[in-house]
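S.K.: Sending over protein32.pdb (PDB, N, CA and C atoms).
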ATOM      1  N   MET A   1     -95.218 159.669-139.465
ATOM      2  CA  MET A   1     -95.312 159.556-138.032
ATOM      3  C   MET A   1     -95.398 160.961-137.454
ATOM      4  N   LYS A   2     -96.402 161.187-136.645
ATOM      5  CA  LYS A   2     -96.587 162.471-135.994
ATOM      6  C   LYS A   2     -96.228 162.353-134.523
ATOM      7  N   GLY A   3     -95.539 163.327-134.000
ATOM      8  CA  GLY A   3     -95.239 163.322-132.580
ATOM      9  C   GLY A   3     -94.351 162.176-132.140
ATOM     10  N   LYS A   4     -94.544 161.773-130.915
ATOM     11  CA  LYS A   4     -93.742 160.708-130.305
ATOM     12  C   LYS A   4     -94.533 159.407-130.340
ATOM     13  N   PRO A   5     -93.994 158.355-130.968
ATOM     14  CA  PRO A   5     -94.767 157.125-131.166
ATOM     15  C   PRO A   5     -94.912 156.223-129.943
ATOM     16  N   ILE A   6     -94.035 156.342-128.946
ATOM     17  CA  ILE A   6     -94.090 155.449-127.782
ATOM     18  C   ILE A   6     -94.696 156.202-126.601
ATOM     19  N   ASN A   7     -95.792 155.657-126.075
ATOM     20  CA  ASN A   7     -96.445 156.282-124.915
ATOM     21  C   ASN A   7     -95.972 155.719-123.589
ATOM     22  N   LYS A   8     -95.705 154.402-123.561
ATOM     23  CA  LYS A   8     -95.433 153.759-122.277
ATOM     24  C   LYS A   8     -94.591 152.512-122.492
ATOM     25  N   VAL A   9     -93.717 152.220-121.543
ATOM     26  CA  VAL A   9     -92.967 150.962-121.548
ATOM     27  C   VAL A   9     -93.099 150.317-120.176
ATOM     28  N   GLU A  10     -93.176 148.997-120.191
ATOM     29  CA  GLU A  10     -93.284 148.244-118.950
ATOM     30  C   GLU A  10     -92.302 147.082-118.987
ATOM     31  N   PRO A  11     -91.306 147.106-118.108
ATOM     32  CA  PRO A  11     -90.380 145.971-118.011
ATOM     33  C   PRO A  11     -91.044 144.858-117.195
ATOM     34  N   LEU A  12     -91.396 143.774-117.836
ATOM     35  CA  LEU A  12     -92.084 142.669-117.182
ATOM     36  C   LEU A  12     -91.089 141.599-116.756
ATOM     37  N   GLU A  13     -91.580 140.567-116.104
ATOM     38  CA  GLU A  13     -90.727 139.461-115.678
ATOM     39  C   GLU A  13     -90.181 138.707-116.882
ATOM     40  N   ASN A  14     -89.101 137.981-116.650
ATOM     41  CA  ASN A  14     -88.475 137.130-117.668
ATOM     42  C   ASN A  14     -87.996 137.905-118.892
ATOM     43  N   SER A  15     -87.572 139.141-118.686
ATOM     44  CA  SER A  15     -87.002 139.983-119.753
ATOM     45  C   SER A  15     -87.974 140.255-120.890
ATOM     46  N   ILE A  16     -89.253 140.377-120.544
ATOM     47  CA  ILE A  16     -90.272 140.743-121.520
ATOM     48  C   ILE A  16     -90.534 142.238-121.374
ATOM     49  N   LEU A  17     -90.521 142.944-122.495
ATOM     50  CA  LEU A  17     -90.771 144.379-122.510
ATOM     51  C   LEU A  17     -92.090 144.636-123.228
ATOM     52  N   ARG A  18     -92.999 145.340-122.567
ATOM     53  CA  ARG A  18     -94.260 145.744-123.211
ATOM     54  C   ARG A  18     -94.138 147.212-123.594
ATOM     55  N   VAL A  19     -94.410 147.487-124.856
ATOM     56  CA  VAL A  19     -94.335 148.849-125.375
ATOM     57  C   VAL A  19     -95.719 149.233-125.876
ATOM     58  N   THR A  20     -96.242 150.352-125.381
ATOM     59  CA  THR A  20     -97.540 150.859-125.811
ATOM     60  C   THR A  20     -97.302 152.098-126.669
ATOM     61  N   PHE A  21     -97.944 152.110-127.825
ATOM     62  CA  PHE A  21     -97.752 153.186-128.796
ATOM     63  C   PHE A  21     -98.852 154.238-128.690
ATOM     64  N   ASP A  22     -98.622 155.356-129.346
ATOM     65  CA  ASP A  22     -99.594 156.449-129.330
ATOM     66  C   ASP A  22    -100.919 156.061-129.984
ATOM     67  N   THR A  23    -100.936 154.973-130.722
ATOM     68  CA  THR A  23    -102.167 154.479-131.355
ATOM     69  C   THR A  23    -103.038 153.711-130.368
ATOM     70  N   GLY A  24    -102.475 153.383-129.200
ATOM     71  CA  GLY A  24    -103.174 152.560-128.232
ATOM     72  C   GLY A  24    -102.801 151.088-128.345
ATOM     73  N   ASN A  25    -102.159 150.708-129.437
ATOM     74  CA  ASN A  25    -101.694 149.333-129.623
ATOM     75  C   ASN A  25    -100.427 149.110-128.810
ATOM     76  N   SER A  26    -100.193 147.841-128.473
ATOM     77  CA  SER A  26     -98.966 147.516-127.752
ATOM     78  C   SER A  26     -98.379 146.219-128.287
ATOM     79  N   VAL A  27     -97.098 146.047-128.031
ATOM     80  CA  VAL A  27     -96.391 144.821-128.392
ATOM     81  C   VAL A  27     -95.602 144.363-127.180
ATOM     82  N   THR A  28     -95.350 143.070-127.126
ATOM     83  CA  THR A  28     -94.440 142.536-126.121
ATOM     84  C   THR A  28     -93.240 141.970-126.859
ATOM     85  N   ILE A  29     -92.089 142.272-126.340
ATOM     86  CA  ILE A  29     -90.834 141.856-126.970
ATOM     87  C   ILE A  29     -90.062 141.004-125.972
ATOM     88  N   ASP A  30     -89.682 139.831-126.414
ATOM     89  CA  ASP A  30     -88.835 138.959-125.602
ATOM     90  C   ASP A  30     -87.392 139.410-125.803
ATOM     91  N   MET A  31     -86.844 140.068-124.797
ATOM     92  CA  MET A  31     -85.494 140.613-124.894
ATOM     93  C   MET A  31     -84.417 139.608-124.490
ATOM     94  N   LYS A  32     -84.819 138.429-123.965
ATOM     95  CA  LYS A  32     -83.837 137.445-123.479
ATOM     96  C   LYS A  32     -82.714 137.164-124.470
ATOM     97  N   PRO A  33     -83.019 136.911-125.754
ATOM     98  CA  PRO A  33     -81.925 136.624-126.688
ATOM     99  C   PRO A  33     -80.949 137.796-126.851
ATOM    100  N   LYS A  34     -81.438 138.999-126.675
ATOM    101  CA  LYS A  34     -80.590 140.191-126.830
ATOM    102  C   LYS A  34     -79.659 140.405-125.636
ATOM    103  N   LEU A  35     -80.045 139.882-124.467
ATOM    104  CA  LEU A  35     -79.278 140.140-123.250
ATOM    105  C   LEU A  35     -77.915 139.469-123.254
ATOM    106  N   GLU A  36     -77.688 138.597-124.200
ATOM    107  CA  GLU A  36     -76.400 137.903-124.265
ATOM    108  C   GLU A  36     -75.335 138.695-125.026
ATOM    109  N   ASN A  37     -75.738 139.797-125.674
ATOM    110  CA  ASN A  37     -74.723 140.565-126.390
ATOM    111  C   ASN A  37     -74.282 141.771-125.560
ATOM    112  N   PHE A  38     -73.182 142.354-125.951
ATOM    113  CA  PHE A  38     -72.560 143.435-125.186
ATOM    114  C   PHE A  38     -73.498 144.619-124.980
ATOM    115  N   ARG A  39     -74.187 145.015-126.026
ATOM    116  CA  ARG A  39     -75.040 146.205-125.958
ATOM    117  C   ARG A  39     -76.112 146.099-124.873
ATOM    118  N   PHE A  40     -76.766 144.961-124.776
ATOM    119  CA  PHE A  40     -77.884 144.805-123.850
ATOM    120  C   PHE A  40     -77.543 143.991-122.601
ATOM    121  N   GLY A  41     -76.314 143.540-122.463
ATOM    122  CA  GLY A  41     -75.920 142.677-121.359
ATOM    123  C   GLY A  41     -76.215 143.239-119.985
ATOM    124  N   VAL A  42     -76.087 144.540-119.806
ATOM    125  CA  VAL A  42     -76.333 145.158-118.501
ATOM    126  C   VAL A  42     -77.790 144.976-118.056
ATOM    127  N   LEU A  43     -78.687 144.683-119.004
ATOM    128  CA  LEU A  43     -80.096 144.505-118.660
ATOM    129  C   LEU A  43     -80.354 143.187-117.938
ATOM    130  N   GLN A  44     -79.347 142.335-117.843
ATOM    131  CA  GLN A  44     -79.469 141.122-117.042
ATOM    132  C   GLN A  44     -79.578 141.459-115.553
ATOM    133  N   ASN A  45     -79.115 142.625-115.182
ATOM    134  CA  ASN A  45     -79.239 143.122-113.816
ATOM    135  C   ASN A  45     -80.683 143.589-113.631
ATOM    136  N   SER A  46     -81.439 142.922-112.757
ATOM    137  CA  SER A  46     -82.863 143.234-112.610
ATOM    138  C   SER A  46     -83.110 144.673-112.152
ATOM    139  N   ALA A  47     -82.197 145.235-111.388
ATOM    140  CA  ALA A  47     -82.352 146.629-110.956
ATOM    141  C   ALA A  47     -82.291 147.576-112.149
ATOM    142  N   VAL A  48     -81.412 147.288-113.095
ATOM    143  CA  VAL A  48     -81.321 148.103-114.313
ATOM    144  C   VAL A  48     -82.544 147.839-115.189
ATOM    145  N   TRP A  49     -82.915 146.582-115.361
ATOM    146  CA  TRP A  49     -84.079 146.218-116.194
ATOM    147  C   TRP A  49     -85.330 146.992-115.774
ATOM    148  N   GLN A  50     -85.536 147.124-114.485
ATOM    149  CA  GLN A  50     -86.743 147.777-113.963
ATOM    150  C   GLN A  50     -86.776 149.286-114.183
ATOM    151  N   THR A  51     -85.675 149.884-114.612
ATOM    152  CA  THR A  51     -85.633 151.342-114.792
ATOM    153  C   THR A  51     -86.168 151.801-116.146
ATOM    154  N   ALA A  52     -86.625 150.889-116.978
ATOM    155  CA  ALA A  52     -87.057 151.251-118.336
ATOM    156  C   ALA A  52     -88.066 152.389-118.318
ATOM    157  N   ASP A  53     -87.811 153.381-119.178
ATOM    158  CA  ASP A  53     -88.779 154.446-119.407
ATOM    159  C   ASP A  53     -88.619 154.936-120.841
ATOM    160  N   THR A  54     -89.428 155.904-121.228
ATOM    161  CA  THR A  54     -89.373 156.393-122.605
ATOM    162  C   THR A  54     -89.476 157.903-122.659
ATOM    163  N   ASP A  55     -88.886 158.448-123.701
ATOM    164  CA  ASP A  55     -89.049 159.863-124.006
ATOM    165  C   ASP A  55     -89.980 160.017-125.209
ATOM    166  N   GLY A  56     -90.574 158.905-125.637
ATOM    167  CA  GLY A  56     -91.493 158.915-126.767
ATOM    168  C   GLY A  56     -90.890 158.404-128.055
ATOM    169  N   GLY A  57     -89.587 158.473-128.173
ATOM    170  CA  GLY A  57     -88.912 157.989-129.370
ATOM    171  C   GLY A  57     -87.958 156.840-129.083
ATOM    172  N   PHE A  58     -87.519 156.765-127.837
ATOM    173  CA  PHE A  58     -86.569 155.742-127.400
ATOM    174  C   PHE A  58     -87.030 155.155-126.075
ATOM    175  N   VAL A  59     -86.603 153.927-125.817
ATOM    176  CA  VAL A  59     -86.695 153.333-124.488
ATOM    177  C   VAL A  59     -85.297 153.446-123.900
ATOM    178  N   HIS A  60     -85.216 153.897-122.657
ATOM    179  CA  HIS A  60     -83.936 154.041-121.965
ATOM    180  C   HIS A  60     -83.930 153.208-120.696
ATOM    181  N   TRP A  61     -82.760 152.697-120.341
ATOM    182  CA  TRP A  61     -82.536 152.021-119.065
ATOM    183  C   TRP A  61     -81.376 152.734-118.379
ATOM    184  N   TYR A  62     -81.408 152.762-117.046
ATOM    185  CA  TYR A  62     -80.461 153.557-116.275
ATOM    186  C   TYR A  62     -79.728 152.744-115.216
ATOM    187  N   LYS A  63     -78.506 153.151-114.968
ATOM    188  CA  LYS A  63     -77.721 152.625-113.857
ATOM    189  C   LYS A  63     -77.113 153.830-113.153
ATOM    190  N   ASN A  64     -77.360 153.930-111.868
ATOM    191  CA  ASN A  64     -76.873 155.077-111.079
ATOM    192  C   ASN A  64     -77.304 156.412-111.693
ATOM    193  N   GLY A  65     -78.522 156.443-112.247
ATOM    194  CA  GLY A  65     -79.068 157.679-112.800
ATOM    195  C   GLY A  65     -78.573 158.052-114.184
ATOM    196  N   ILE A  66     -77.738 157.219-114.780
ATOM    197  CA  ILE A  66     -77.176 157.506-116.106
ATOM    198  C   ILE A  66     -77.716 156.482-117.097
ATOM    199  N   ALA A  67     -78.187 156.965-118.248
ATOM    200  CA  ALA A  67     -78.691 156.055-119.281
ATOM    201  C   ALA A  67     -77.552 155.167-119.776
ATOM    202  N   VAL A  68     -77.773 153.856-119.715
ATOM    203  CA  VAL A  68     -76.739 152.910-120.127
ATOM    204  C   VAL A  68     -77.133 152.116-121.370
ATOM    205  N   VAL A  69     -78.429 152.085-121.673
ATOM    206  CA  VAL A  69     -78.917 151.391-122.861
ATOM    207  C   VAL A  69     -80.085 152.187-123.417
ATOM    208  N   GLU A  70     -80.160 152.244-124.749
ATOM    209  CA  GLU A  70     -81.337 152.829-125.379
ATOM    210  C   GLU A  70     -81.758 151.958-126.550
ATOM    211  N   LEU A  71     -83.046 151.978-126.804
ATOM    212  CA  LEU A  71     -83.640 151.196-127.881
ATOM    213  C   LEU A  71     -84.585 152.121-128.635
ATOM    214  N   ALA A  72     -84.337 152.329-129.911
ATOM    215  CA  ALA A  72     -85.110 153.265-130.716
ATOM    216  C   ALA A  72     -86.415 152.645-131.213
ATOM    217  N   TYR A  73     -87.381 153.498-131.491
ATOM    218  CA  TYR A  73     -88.678 153.074-132.028
ATOM    219  C   TYR A  73     -88.509 152.181-133.256
ATOM    220  N   ASN A  74     -87.653 152.596-134.178
ATOM    221  CA  ASN A  74     -87.493 151.792-135.402
ATOM    222  C   ASN A  74     -86.890 150.422-135.101
ATOM    223  N   GLU A  75     -86.068 150.326-134.071
ATOM    224  CA  GLU A  75     -85.521 149.021-133.667
ATOM    225  C   GLU A  75     -86.624 148.140-133.073
ATOM    226  N   ILE A  76     -87.509 148.746-132.312
ATOM    227  CA  ILE A  76     -88.645 148.005-131.757
ATOM    228  C   ILE A  76     -89.508 147.463-132.885
ATOM    229  N   MET A  77     -89.756 148.290-133.887
ATOM    230  CA  MET A  77     -90.569 147.847-135.019
ATOM    231  C   MET A  77     -89.870 146.732-135.787
ATOM    232  N   LYS A  78     -88.575 146.826-135.947
ATOM    233  CA  LYS A  78     -87.800 145.778-136.626
ATOM    234  C   LYS A  78     -87.852 144.465-135.831
ATOM    235  N   MET A  79     -87.748 144.559-134.500
ATOM    236  CA  MET A  79     -87.839 143.365-133.665
ATOM    237  C   MET A  79     -89.229 142.736-133.771
ATOM    238  N   THR A  80     -90.237 143.571-133.896
ATOM    239  CA  THR A  80     -91.626 143.108-133.935
ATOM    240  C   THR A  80     -91.995 142.537-135.307
ATOM    241  N   LEU A  81     -91.632 143.259-136.344
ATOM    242  CA  LEU A  81     -92.065 142.893-137.696
ATOM    243  C   LEU A  81     -91.000 142.192-138.532
ATOM    244  N   GLY A  82     -89.769 142.182-138.052
ATOM    245  CA  GLY A  82     -88.695 141.551-138.795
ATOM    246  C   GLY A  82     -88.428 142.275-140.102
ATOM    247  N   ASP A  83     -88.134 141.532-141.141
ATOM    248  CA  ASP A  83     -87.797 142.134-142.426
ATOM    249  C   ASP A  83     -88.987 142.796-143.106
ATOM    250  N   SER A  84     -90.193 142.597-142.573
ATOM    251  CA  SER A  84     -91.368 143.243-143.153
ATOM    252  C   SER A  84     -91.358 144.744-142.919
ATOM    253  N   TYR A  85     -90.573 145.207-141.926
ATOM    254  CA  TYR A  85     -90.572 146.622-141.568
ATOM    255  C   TYR A  85     -89.735 147.427-142.528
TER     256      TYR A  85
END
For this file, produce the structure as structure tokens.
M.R.:
Amino acid sequence: MKGKPINKVEPLENSILRVTFDTGNSVTIDMKPKLENFRFGVLQNSAVWQTADTDGGFVHWYKNGIAVVELAYNEIMKMTLGDSY
């Protein structure tokens, strides 16, 4: 992997996250099942959900300007490909 693999993230309706990679390919991830656990629970707040952005390696969400949740590239790939990754 060269550089930063994530180019863009888009928090869509119904807790769907679209991630666009440096290859130009993108995936959509249904985050709804994850929102029930402690780590991602704050993302049930639509104001927090809409703050999604990336530094190229992680997706971050913010509350009051402070990052409260992060999701790493390898976690996104695991969610997308499952045990194949």
S.K.: Could you give me, as a ChimeraX atom specification, the residues within 7 Å of Glu70 in chain A, counting all atoms listed in the file and dropping anything in the same chain fewer than 3 positions from it?
M.R.: /A:58-61,67
S.K.: Neighbourhood query: residues within 9 Å of (-82.0, 150.2, -118.9), file coordinates, counting only C-alpha atoms; return as a list in words.
M.R.: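 Neighbouring residues, ordered by chain and number, come to Phe40, Val42, Leu43, Ala47, Val48, Trp49, Gln50, Thr51, Ala52, Asp53, Val59, His60, Trp61, Tyr62, Lys63, Ala67, Val68, Val69 and Glu70 of chain A.
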S.K.: Take every atom of range 63-81 of chain A listed in the file, fit an axis-aligned box around them, add 5 Å per side, and give the centre and edge lengths in Å to one decimal as AutoDock Vina command-line options.
M.R.:
--center_x -84.4 --center_y 150.1 --center_z -124.8 --size_x 25.3 --size_y 25.9 --size_z 37.5
S.K.: Under the rule that only C-alpha atoms are counted, which of A:Asn37, A:Thr28, A:Asn45, A:Thr54 is the nearest residue to Leu81 in chain A?
M.R.: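 Checking each candidate against Leu81 in chain A, we get A:Thr28 as the closest.
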S.K.: Would you please work out which residue, of A:Ser84, A:Gln44, A:Asn25, A:Asn7, is nearest to Gly57 in chain A when using only C-alpha atoms?
M.R.: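 Ranking A:Ser84, A:Gln44, A:Asn25, A:Asn7 by distance to Gly57 in chain A, first place goes to A:Asn7.
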S.K.: One decimal, Å: what's the distance from CA of Leu71 in chain A over to CA of Asn14 in chain A, could you say?
M.R.: 18.0 Å
S.K.: Hey, can you check how far CA of Ile6 in chain A sits from CA of Asn64 in chain A?
M.R.: 24.0 Å
S.K.: For the atom pair atom N of Asp22 in chain A and atom N of Ser46 in chain A, what is the interatomic distance in Å to one decimal place?
M.R.: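 Taking atom N of Asp22 in chain A and atom N of Ser46 in chain A, their separation equals 26.9 Å.
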S.K.: Could you tell me, as JSON, numbers by chain, exactly which residues end up selected when the PyMOL selection byres (((chain A and resi 32 and name CA) around 8) and name CA) is applied to this structure?
M.R.: {"A": [14, 15, 16, 30, 31, 33, 34, 35, 36]}
S.K.: If we draw a sphere of 7 Å around (-91.6, 148.0, -119.6), which residues have at least one atom in it when counting all atoms listed in the file? Please report them as a compact mmCIF listing (two decimals) with N, CA and C atoms, in the coordinates of the input.
M.R.:
# COMPACT_ATOMS: atom_id res chain seq x y z
N LYS A 8 -95.70 154.40 -123.56
CA LYS A 8 -95.43 153.76 -122.28
C LYS A 8 -94.59 152.51 -122.49
N VAL A 9 -93.72 152.22 -121.54
CA VAL A 9 -92.97 150.96 -121.55
C VAL A 9 -93.10 150.32 -120.18
N GLU A 10 -93.18 149.00 -120.19
CA GLU A 10 -93.28 148.24 -118.95
C GLU A 10 -92.30 147.08 -118.99
N PRO A 11 -91.31 147.11 -118.11
CA PRO A 11 -90.38 145.97 -118.01
C PRO A 11 -91.04 144.86 -117.20
N LEU A 12 -91.40 143.77 -117.84
CA LEU A 12 -92.08 142.67 -117.18
C LEU A 12 -91.09 141.60 -116.76
N ILE A 16 -89.25 140.38 -120.54
CA ILE A 16 -90.27 140.74 -121.52
C ILE A 16 -90.53 142.24 -121.37
N LEU A 17 -90.52 142.94 -122.50
CA LEU A 17 -90.77 144.38 -122.51
C LEU A 17 -92.09 144.64 -123.23
N ARG A 18 -93.00 145.34 -122.57
CA ARG A 18 -94.26 145.74 -123.21
C ARG A 18 -94.14 147.21 -123.59
N VAL A 19 -94.41 147.49 -124.86
CA VAL A 19 -94.34 148.85 -125.38
C VAL A 19 -95.72 149.23 -125.88
N ALA A 52 -86.62 150.89 -116.98
CA ALA A 52 -87.06 151.25 -118.34
C ALA A 52 -88.07 152.39 -118.32
N ASP A 53 -87.81 153.38 -119.18
CA ASP A 53 -88.78 154.45 -119.41
C ASP A 53 -88.62 154.94 -120.84
S.K.: Extract the full set of helix (DSSP H, G or I) residues from chain A according to DSSP on the backbone, and format it as a ChimeraX atom specification.
M.R.: /A:13-15,32-36,41-44,46-49,73-84
S.K.: Output as an mmCIF file with N, CA and C atoms, keeping the file's coordinate frame all residues of chain A that backbone DSSP marks as strand (DSSP E or B).
M.R.:
data_model
loop_
_atom_site.group_PDB
_atom_site.id
_atom_site.type_symbol
_atom_site.label_atom_id
_atom_site.label_comp_id
_atom_site.auth_asym_id
_atom_site.auth_seq_id
_atom_site.Cartn_x
_atom_site.Cartn_y
_atom_site.Cartn_z
ATOM 1 N N ILE A 6 -94.035 156.342 -128.946
ATOM 2 C CA ILE A 6 -94.090 155.449 -127.782
ATOM 3 C C ILE A 6 -94.696 156.202 -126.601
ATOM 4 N N ASN A 7 -95.792 155.657 -126.075
ATOM 5 C CA ASN A 7 -96.445 156.282 -124.915
ATOM 6 C C ASN A 7 -95.972 155.719 -123.589
ATOM 7 N N LYS A 8 -95.705 154.402 -123.561
ATOM 8 C CA LYS A 8 -95.433 153.759 -122.277
ATOM 9 C C LYS A 8 -94.591 152.512 -122.492
ATOM 10 N N VAL A 9 -93.717 152.220 -121.543
ATOM 11 C CA VAL A 9 -92.967 150.962 -121.548
ATOM 12 C C VAL A 9 -93.099 150.317 -120.176
ATOM 13 N N GLU A 10 -93.176 148.997 -120.191
ATOM 14 C CA GLU A 10 -93.284 148.244 -118.950
ATOM 15 C C GLU A 10 -92.302 147.082 -118.987
ATOM 16 N N PRO A 11 -91.306 147.106 -118.108
ATOM 17 C CA PRO A 11 -90.380 145.971 -118.011
ATOM 18 C C PRO A 11 -91.044 144.858 -117.195
ATOM 19 N N ILE A 16 -89.253 140.377 -120.544
ATOM 20 C CA ILE A 16 -90.272 140.743 -121.520
ATOM 21 C C ILE A 16 -90.534 142.238 -121.374
ATOM 22 N N LEU A 17 -90.521 142.944 -122.495
ATOM 23 C CA LEU A 17 -90.771 144.379 -122.510
ATOM 24 C C LEU A 17 -92.090 144.636 -123.228
ATOM 25 N N ARG A 18 -92.999 145.340 -122.567
ATOM 26 C CA ARG A 18 -94.260 145.744 -123.211
ATOM 27 C C ARG A 18 -94.138 147.212 -123.594
ATOM 28 N N VAL A 19 -94.410 147.487 -124.856
ATOM 29 C CA VAL A 19 -94.335 148.849 -125.375
ATOM 30 C C VAL A 19 -95.719 149.233 -125.876
ATOM 31 N N THR A 20 -96.242 150.352 -125.381
ATOM 32 C CA THR A 20 -97.540 150.859 -125.811
ATOM 33 C C THR A 20 -97.302 152.098 -126.669
ATOM 34 N N PHE A 21 -97.944 152.110 -127.825
ATOM 35 C CA PHE A 21 -97.752 153.186 -128.796
ATOM 36 C C PHE A 21 -98.852 154.238 -128.690
ATOM 37 N N SER A 26 -100.193 147.841 -128.473
ATOM 38 C CA SER A 26 -98.966 147.516 -127.752
ATOM 39 C C SER A 26 -98.379 146.219 -128.287
ATOM 40 N N VAL A 27 -97.098 146.047 -128.031
ATOM 41 C CA VAL A 27 -96.391 144.821 -128.392
ATOM 42 C C VAL A 27 -95.602 144.363 -127.180
ATOM 43 N N THR A 28 -95.350 143.070 -127.126
ATOM 44 C CA THR A 28 -94.440 142.536 -126.121
ATOM 45 C C THR A 28 -93.240 141.970 -126.859
ATOM 46 N N ILE A 29 -92.089 142.272 -126.340
ATOM 47 C CA ILE A 29 -90.834 141.856 -126.970
ATOM 48 C C ILE A 29 -90.062 141.004 -125.972
ATOM 49 N N ASP A 30 -89.682 139.831 -126.414
ATOM 50 C CA ASP A 30 -88.835 138.959 -125.602
ATOM 51 C C ASP A 30 -87.392 139.410 -125.803
ATOM 52 N N ASP A 53 -87.811 153.381 -119.178
ATOM 53 C CA ASP A 53 -88.779 154.446 -119.407
ATOM 54 C C ASP A 53 -88.619 154.936 -120.841
ATOM 55 N N THR A 54 -89.428 155.904 -121.228
ATOM 56 C CA THR A 54 -89.373 156.393 -122.605
ATOM 57 C C THR A 54 -89.476 157.903 -122.659
ATOM 58 N N PHE A 58 -87.519 156.765 -127.837
ATOM 59 C CA PHE A 58 -86.569 155.742 -127.400
ATOM 60 C C PHE A 58 -87.030 155.155 -126.075
ATOM 61 N N VAL A 59 -86.603 153.927 -125.817
ATOM 62 C CA VAL A 59 -86.695 153.333 -124.488
ATOM 63 C C VAL A 59 -85.297 153.446 -123.900
ATOM 64 N N HIS A 60 -85.216 153.897 -122.657
ATOM 65 C CA HIS A 60 -83.936 154.041 -121.965
ATOM 66 C C HIS A 60 -83.930 153.208 -120.696
ATOM 67 N N TRP A 61 -82.760 152.697 -120.341
ATOM 68 C CA TRP A 61 -82.536 152.021 -119.065
ATOM 69 C C TRP A 61 -81.376 152.734 -118.379
ATOM 70 N N TYR A 62 -81.408 152.762 -117.046
ATOM 71 C CA TYR A 62 -80.461 153.557 -116.275
ATOM 72 C C TYR A 62 -79.728 152.744 -115.216
ATOM 73 N N LYS A 63 -78.506 153.151 -114.968
ATOM 74 C CA LYS A 63 -77.721 152.625 -113.857
ATOM 75 C C LYS A 63 -77.113 153.830 -113.153
ATOM 76 N N ILE A 66 -77.738 157.219 -114.780
ATOM 77 C CA ILE A 66 -77.176 157.506 -116.106
ATOM 78 C C ILE A 66 -77.716 156.482 -117.097
ATOM 79 N N ALA A 67 -78.187 156.965 -118.248
ATOM 80 C CA ALA A 67 -78.691 156.055 -119.281
ATOM 81 C C ALA A 67 -77.552 155.167 -119.776
ATOM 82 N N VAL A 68 -77.773 153.856 -119.715
ATOM 83 C CA VAL A 68 -76.739 152.910 -120.127
ATOM 84 C C VAL A 68 -77.133 152.116 -121.370
ATOM 85 N N VAL A 69 -78.429 152.085 -121.673
ATOM 86 C CA VAL A 69 -78.917 151.391 -122.861
ATOM 87 C C VAL A 69 -80.085 152.187 -123.417
ATOM 88 N N GLU A 70 -80.160 152.244 -124.749
ATOM 89 C CA GLU A 70 -81.337 152.829 -125.379
ATOM 90 C C GLU A 70 -81.758 151.958 -126.550
ATOM 91 N N LEU A 71 -83.046 151.978 -126.804
ATOM 92 C CA LEU A 71 -83.640 151.196 -127.881
ATOM 93 C C LEU A 71 -84.585 152.121 -128.635
ATOM 94 N N ALA A 72 -84.337 152.329 -129.911
ATOM 95 C CA ALA A 72 -85.110 153.265 -130.716
ATOM 96 C C ALA A 72 -86.415 152.645 -131.213
#
S.K.: Using only N, CA and C atoms, pick whichever of A:Lys4, A:Gly56, A:Ile66, A:Met79 has the shortest atom-to-atom distance to Ile29 in chain A.
M.R.: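 Looking only at the distances to Ile29 in chain A, the closest residue turns out to be A:Met79.
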